[in-house]
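Novice: Next comes work-v6.txt, compact mmCIF, C-alpha atoms:
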```txt
# COMPACT_ATOMS: atom_id res chain seq x y z
CA MET A 1 9.09 -11.69 -14.54
CA GLU A 2 11.08 -8.88 -16.11
CA ALA A 3 10.83 -5.49 -14.37
CA LEU A 4 9.21 -3.59 -17.27
CA GLU A 5 6.72 -6.41 -17.86
CA CYS A 6 5.85 -6.36 -14.15
CA ILE A 7 5.30 -2.59 -14.20
CA LYS A 8 3.23 -2.69 -17.37
CA THR A 9 1.04 -5.65 -16.37
CA ARG A 10 0.36 -4.88 -12.70
CA ARG A 11 -3.26 -3.83 -12.18
CA SER A 12 -5.48 -2.86 -9.28
CA VAL A 13 -7.31 -6.10 -8.53
CA ARG A 14 -10.59 -5.79 -6.67
CA ARG A 15 -11.92 -9.33 -7.08
CA PHE A 16 -10.16 -12.28 -5.54
CA THR A 17 -10.60 -16.03 -5.40
CA GLU A 18 -11.39 -17.65 -2.05
CA GLU A 19 -7.89 -19.17 -1.92
CA PRO A 20 -6.18 -17.87 1.22
CA VAL A 21 -3.00 -15.85 1.19
CA THR A 22 -0.51 -17.29 3.64
CA PRO A 23 1.62 -15.29 6.06
CA GLU A 24 4.63 -16.84 4.30
CA GLN A 25 3.51 -15.39 0.96
CA VAL A 26 3.02 -11.95 2.49
CA ALA A 27 6.40 -12.24 4.23
CA GLU A 28 8.00 -12.92 0.85
CA VAL A 29 6.33 -9.80 -0.59
CA VAL A 30 7.40 -7.70 2.42
CA ALA A 31 10.98 -9.00 2.12
CA ALA A 32 11.08 -7.73 -1.46
CA ALA A 33 9.34 -4.46 -0.56
CA ALA A 34 12.04 -3.83 2.06
CA TYR A 35 14.29 -2.88 -0.86
CA ALA A 36 12.17 0.19 -1.62
CA PRO A 37 14.25 3.35 -1.37
CA SER A 38 13.54 5.80 1.44
CA TRP A 39 14.72 9.17 2.69
CA LYS A 40 18.24 8.72 4.09
CA ASN A 41 17.47 4.98 4.28
CA THR A 42 15.03 5.59 7.15
CA GLN A 43 12.92 2.56 6.09
CA ILE A 44 9.73 3.87 7.72
CA ALA A 45 7.33 1.38 6.12
CA ARG A 46 5.72 -1.25 8.35
CA TYR A 47 3.15 -3.85 7.34
CA ILE A 48 0.29 -5.30 9.37
CA LEU A 49 -1.25 -8.45 7.86
CA VAL A 50 -4.93 -8.66 8.74
CA GLU A 51 -6.07 -12.25 8.34
CA ASP A 52 -8.88 -11.95 10.90
CA ALA A 53 -12.12 -11.70 8.88
CA GLN A 54 -13.90 -9.88 11.73
CA LYS A 55 -11.26 -7.14 11.81
CA ARG A 56 -11.39 -6.79 8.01
CA GLU A 57 -15.19 -6.57 8.19
CA LYS A 58 -14.97 -3.98 10.99
CA ILE A 59 -12.66 -1.87 8.82
CA ALA A 60 -14.97 -2.35 5.82
CA SER A 61 -18.07 -1.36 7.76
CA ASP A 62 -16.73 1.36 10.06
CA CYS A 63 -13.51 2.82 8.65
CA VAL A 64 -13.84 3.49 4.90
CA LEU A 65 -15.90 6.68 5.21
CA ASP A 66 -19.00 5.04 3.69
CA PHE A 67 -17.14 4.40 0.42
CA THR A 68 -18.97 1.22 -0.55
CA TYR A 69 -16.51 0.32 -3.31
CA ASN A 70 -13.69 -0.10 -0.77
CA ALA A 71 -16.04 -1.77 1.74
CA ASN A 72 -17.02 -4.36 -0.86
CA THR A 73 -13.40 -5.00 -1.86
CA LEU A 74 -12.36 -5.46 1.77
CA SER A 75 -15.30 -7.74 2.53
CA HIS A 76 -14.29 -10.13 -0.23
CA ALA A 77 -10.49 -9.98 -0.01
CA PRO A 78 -8.81 -12.97 1.64
CA ALA A 79 -6.33 -10.66 3.37
CA LEU A 80 -5.60 -7.04 4.03
CA VAL A 81 -2.28 -5.35 4.63
CA ALA A 82 -2.25 -2.04 6.45
CA LEU A 83 0.85 -0.14 5.44
CA THR A 84 1.93 2.11 8.27
CA MET A 85 4.71 4.65 8.42
CA VAL A 86 6.91 5.54 11.33
CA THR A 87 6.32 9.26 11.75
CA GLY A 88 8.87 11.98 12.35
CA ARG A 89 11.80 10.32 10.57
CA SER A 90 11.51 10.65 6.81
CA GLY A 91 12.30 14.25 5.90
CA PHE A 92 13.43 15.08 9.42
CA GLU A 93 16.76 15.54 11.15
CA ARG A 94 17.49 13.71 14.40
CA ASP A 95 16.54 16.83 16.38
CA GLY A 96 13.05 16.81 14.83
CA SER A 97 13.63 19.75 12.48
CA TYR A 98 12.80 19.44 8.79
CA SER A 99 15.59 18.56 6.38
CA SER A 100 13.82 20.10 3.39
CA PRO A 101 11.33 22.86 2.56
CA LEU A 102 8.95 20.02 1.70
CA GLU A 103 8.83 19.28 5.43
CA GLY A 104 6.97 16.06 6.39
CA HIS A 105 5.91 15.37 2.80
CA TRP A 106 8.70 12.83 2.50
CA GLN A 107 7.10 10.30 4.85
CA SER A 108 4.06 10.03 2.54
CA PHE A 109 6.37 9.90 -0.46
CA ASP A 110 8.36 7.04 1.09
CA ALA A 111 5.16 5.20 2.06
CA GLY A 112 3.97 5.52 -1.55
CA ILE A 113 7.23 4.07 -2.86
CA ALA A 114 6.90 1.21 -0.35
CA ALA A 115 3.27 0.57 -1.37
CA GLN A 116 4.12 0.41 -5.06
CA THR A 117 7.12 -1.83 -4.42
CA PHE A 118 4.91 -4.10 -2.30
CA CYS A 119 2.30 -4.31 -5.07
CA LEU A 120 4.86 -4.99 -7.79
CA ALA A 121 6.45 -7.74 -5.69
CA ALA A 122 3.01 -9.28 -5.06
CA HIS A 123 2.24 -9.18 -8.79
CA ALA A 124 5.57 -10.82 -9.65
CA LEU A 125 4.60 -13.64 -7.25
CA GLY A 126 1.15 -14.10 -8.84
CA LEU A 127 -0.87 -12.17 -6.26
CA GLY A 128 -3.23 -9.29 -6.91
CA THR A 129 -3.45 -6.08 -4.91
CA VAL A 130 -5.31 -2.81 -4.77
CA ILE A 131 -4.16 0.22 -2.79
CA MET A 132 -7.07 1.97 -1.07
CA GLY A 133 -6.80 5.52 0.19
CA ILE A 134 -10.34 6.32 1.32
CA TYR A 135 -10.42 5.42 5.02
CA ASP A 136 -10.22 7.01 8.45
CA PRO A 137 -6.63 6.39 9.60
CA ASP A 138 -7.44 6.91 13.29
CA LYS A 139 -10.31 4.38 13.25
CA VAL A 140 -8.18 1.84 11.36
CA ALA A 141 -5.35 2.38 13.84
CA LYS A 142 -7.72 1.61 16.73
CA VAL A 143 -9.09 -1.56 15.11
CA LEU A 144 -5.56 -2.81 14.43
CA SER A 145 -3.86 -1.50 17.57
CA VAL A 146 -1.25 0.30 15.46
CA PRO A 147 1.81 1.02 17.60
CA GLU A 148 2.37 4.53 18.90
CA GLY A 149 4.59 6.56 16.56
CA GLN A 150 3.10 4.99 13.45
CA THR A 151 0.35 6.25 11.16
CA VAL A 152 -1.71 4.25 8.69
CA ALA A 153 -0.50 5.25 5.21
CA ALA A 154 -2.56 2.89 3.00
CA LEU A 155 -4.78 -0.16 3.01
CA ILE A 156 -3.83 -2.85 0.52
CA ALA A 157 -6.21 -5.72 -0.25
CA ILE A 158 -4.24 -8.78 -1.35
CA GLY A 159 -5.22 -12.15 -2.74
CA HIS A 160 -5.23 -14.45 -5.72
CA PRO A 161 -6.80 -12.52 -8.61
CA ALA A 162 -10.23 -13.63 -9.82
CA GLN A 163 -9.98 -11.15 -12.66
CA ASP A 164 -7.41 -9.81 -15.09
CA PRO A 165 -8.43 -6.16 -15.47
CA ALA A 166 -7.66 -4.42 -18.73
CA ALA A 167 -5.13 -1.62 -18.67
CA PRO A 168 -6.71 1.82 -18.41
CA ALA A 169 -5.79 4.39 -21.02
CA ARG A 170 -2.43 6.07 -20.44
CA LYS A 171 -1.30 9.56 -21.30
CA SER A 172 1.17 9.78 -24.14
CA VAL A 173 4.87 10.34 -23.52
CA GLU A 174 4.45 13.78 -25.13
CA GLU A 175 1.90 14.69 -22.43
CA LEU A 176 4.06 13.34 -19.64
CA LEU A 177 7.58 14.36 -20.59
CA SER A 178 8.88 17.90 -20.86
CA ILE A 179 12.43 18.28 -22.14
CA GLN A 180 14.17 21.55 -21.41
```
Render the structure in this file as structure tokens.

Specialist:
Amino acid sequence: MEALECIKTRRSVRRFTEEPVTPEQVAEVVAAAAYAPSWKNTQIARYILVEDAQKREKIASDCVLDFTYNANTLSHAPALVALTMVTGRSGFERDGSYSSPLEGHWQSFDAGIAAQTFCLAAHALGLGTVIMGIYDPDKVAKVLSVPEGQTVAALIAIGHPAQDPAAPARKSVEELLSIQ
């Protein structure tokens, strides 16, 4: 799939078939996502594949801040990937001081780049994804035993799409681009 076609056709998929996603498929997506750029090549993104239906259900029922839309998506997704970020590296110097006036903002920026790269790679391989941001990161971290020094940056449901959502309306280039 060509890059621009992949970007233009990738959608947030919230309905999946019952076909399982294999660890090998997710590993292939993660291998591609490893090429996402990051602050000073810190590569802070980490991925936790949650195949265990009980853990996914626990996250759906207890960790999504009563947002039923995400709970429903998680309950029916064949797999979940928790994207975590190693904290204190992206945007920081080795002594722990900030490298930029934007301070720790860069770790979220890098996690976002990693999430989008992950989702584009999954799409190119025929998988559907949706990035979910409404959750309690501390509760998710407890359910998944996230290693110390990492924070949950996003939850990504992944599976074989059972739908082909239409593209939402986009702003025009004139609204998006300012030339000075």

Novice: Skip region 108-119 of chain A itself and residues of its chain fewer than 4 positions away, then list as JSON, numbers by chain all residues within 9 Å of it, counting only C-alpha atoms.

Specialist: {"A": [10, 12, 29, 30, 31, 32, 33, 34, 35, 36, 37, 38, 39, 43, 44, 45, 83, 84, 85, 90, 104, 123, 124, 127, 128, 129, 130, 131, 153, 154, 156, 158]}

Novice: Expressed in Å to a single decimal, how great is the separation between CA of Glu28 (chain A) and CA of Ser61 (chain A)?

Specialist: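 If I compute the distance from CA of Glu28 (chain A) to CA of Ser61 (chain A), I get 29.3 Å.
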
Novice: Tell me which of A:Ala169, A:His160, A:Thr42, A:Met1 sits closest to Arg94 (chain A), counting all atoms listed in the file.

Specialist: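 For Arg94 (chain A), the nearest of the candidates is A:Thr42.
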
Novice: Quick one: residues within 9 Å of Ser100 (chain A), all atoms listed in the file counted, chain neighbours fewer than 6 positions away excluded, as a list of chain:residue names?

Specialist: A:Gly91, A:Phe92, A:Trp106

Novice: Residues within 12 Å of region 148-150 of chain A, please, as a list in words. Count all atoms listed in the file; anything in the same chain fewer than 6 positions from it doesn't count.

Specialist: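 After dropping sequence-adjacent residues, the list is Ile44, Ala45, Arg46, Tyr47, Ile48, Ala82, Leu83, Thr84, Met85, Val86, Thr87, Gly88, Arg89, Gln107, Ala111, Pro137, Asp138, Val140, Ala141 and Lys142 of chain A.
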
Novice: Give one line per residue of region 32-90 of chain A that approaches region 161-167 of chain A to at most 12 Å, naming the two atoms of the closest pair and their distance in Å to one decimal, counting all atoms listed in the file; sort by chain then ascending residue number and deliver it as JSON lines.

Specialist:
```
{"residue": "A:His76", "atom": "CA", "partner": "A:Ala162", "partner_atom": "CA", "distance": 11.0}
{"residue": "A:Ala77", "atom": "CA", "partner": "A:Pro161", "partner_atom": "CA", "distance": 9.7}
{"residue": "A:Pro78", "atom": "CA", "partner": "A:Pro161", "partner_atom": "CA", "distance": 10.5}
```

Novice: Between CA of Leu65 (chain A) and CA of Lys139 (chain A), what distance in Å does the model show, to one decimal?

Specialist: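 These two atoms are separated by 10.1 Å.
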
Novice: I'd like the interatomic distance between CA of Leu120 (chain A) and CA of Ile7 (chain A), to a tenth of an Å.

Specialist: 6.9 Å

Novice: Find the residues near Val64 (chain A): any atom within 8 Å, counting only C-alpha atoms, skip ones fewer than 4 places away on the same chain, and give them as a ChimeraX atom specification.

Specialist: /A:59-60,68,70-71,134-136

Novice: Can you list, as a PyMOL selection string, every protein, DNA or RNA residue that comes within 12 Å of Ser75 (chain A) when you count all atoms listed in the file, leaving out same-chain residues fewer than 6 positions away?

Specialist: chain A and resi 14-16+18+51-62+64+68-69+157-158

Novice: For the residues selected in the previous step, produce a file with C-alpha atoms as a PDB file, keeping the file's coordinate frame.

Specialist:
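As a result, part_10.pdb now contains:
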```pdb
ATOM      1  CA  ARG A  14     -10.590  -5.790  -6.670  1.00  0.00           C
ATOM      2  CA  ARG A  15     -11.920  -9.330  -7.080  1.00  0.00           C
ATOM      3  CA  PHE A  16     -10.160 -12.280  -5.540  1.00  0.00           C
ATOM      4  CA  GLU A  18     -11.390 -17.650  -2.050  1.00  0.00           C
ATOM      5  CA  GLU A  51      -6.070 -12.250   8.340  1.00  0.00           C
ATOM      6  CA  ASP A  52      -8.880 -11.950  10.900  1.00  0.00           C
ATOM      7  CA  ALA A  53     -12.120 -11.700   8.880  1.00  0.00           C
ATOM      8  CA  GLN A  54     -13.900  -9.880  11.730  1.00  0.00           C
ATOM      9  CA  LYS A  55     -11.260  -7.140  11.810  1.00  0.00           C
ATOM     10  CA  ARG A  56     -11.390  -6.790   8.010  1.00  0.00           C
ATOM     11  CA  GLU A  57     -15.190  -6.570   8.190  1.00  0.00           C
ATOM     12  CA  LYS A  58     -14.970  -3.980  10.990  1.00  0.00           C
ATOM     13  CA  ILE A  59     -12.660  -1.870   8.820  1.00  0.00           C
ATOM     14  CA  ALA A  60     -14.970  -2.350   5.820  1.00  0.00           C
ATOM     15  CA  SER A  61     -18.070  -1.360   7.760  1.00  0.00           C
ATOM     16  CA  ASP A  62     -16.730   1.360  10.060  1.00  0.00           C
ATOM     17  CA  VAL A  64     -13.840   3.490   4.900  1.00  0.00           C
ATOM     18  CA  THR A  68     -18.970   1.220  -0.550  1.00  0.00           C
ATOM     19  CA  TYR A  69     -16.510   0.320  -3.310  1.00  0.00           C
ATOM     20  CA  ALA A 157      -6.210  -5.720  -0.250  1.00  0.00           C
ATOM     21  CA  ILE A 158      -4.240  -8.780  -1.350  1.00  0.00           C
TER      22      ILE A 158
END
```

Novice: Please give the centre and size of the box around region 139-153 of chain A (axis-aligned, containing every atom listed in the file, 5 Å added per side), with values in Å to one decimal and written as JSON.

Specialist:
```
{"center_x": -2.9, "center_y": 1.9, "center_z": 12.1, "size_x": 24.9, "size_y": 19.4, "size_z": 23.7}
```

Novice: For Val81 (chain A), which residue out of A:Ile179, A:Leu49, A:Val173, A:Cys6 is the nearest one, using all atoms listed in the file?

Specialist: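 Closest candidate: A:Leu49.
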
Novice: A:Leu80, A:Thr22, A:Thr9, A:Ser99: which is nearest Pro168 (chain A), counting all atoms listed in the file?

Specialist: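 Of all the options, A:Thr9 lies closest to Pro168 (chain A).
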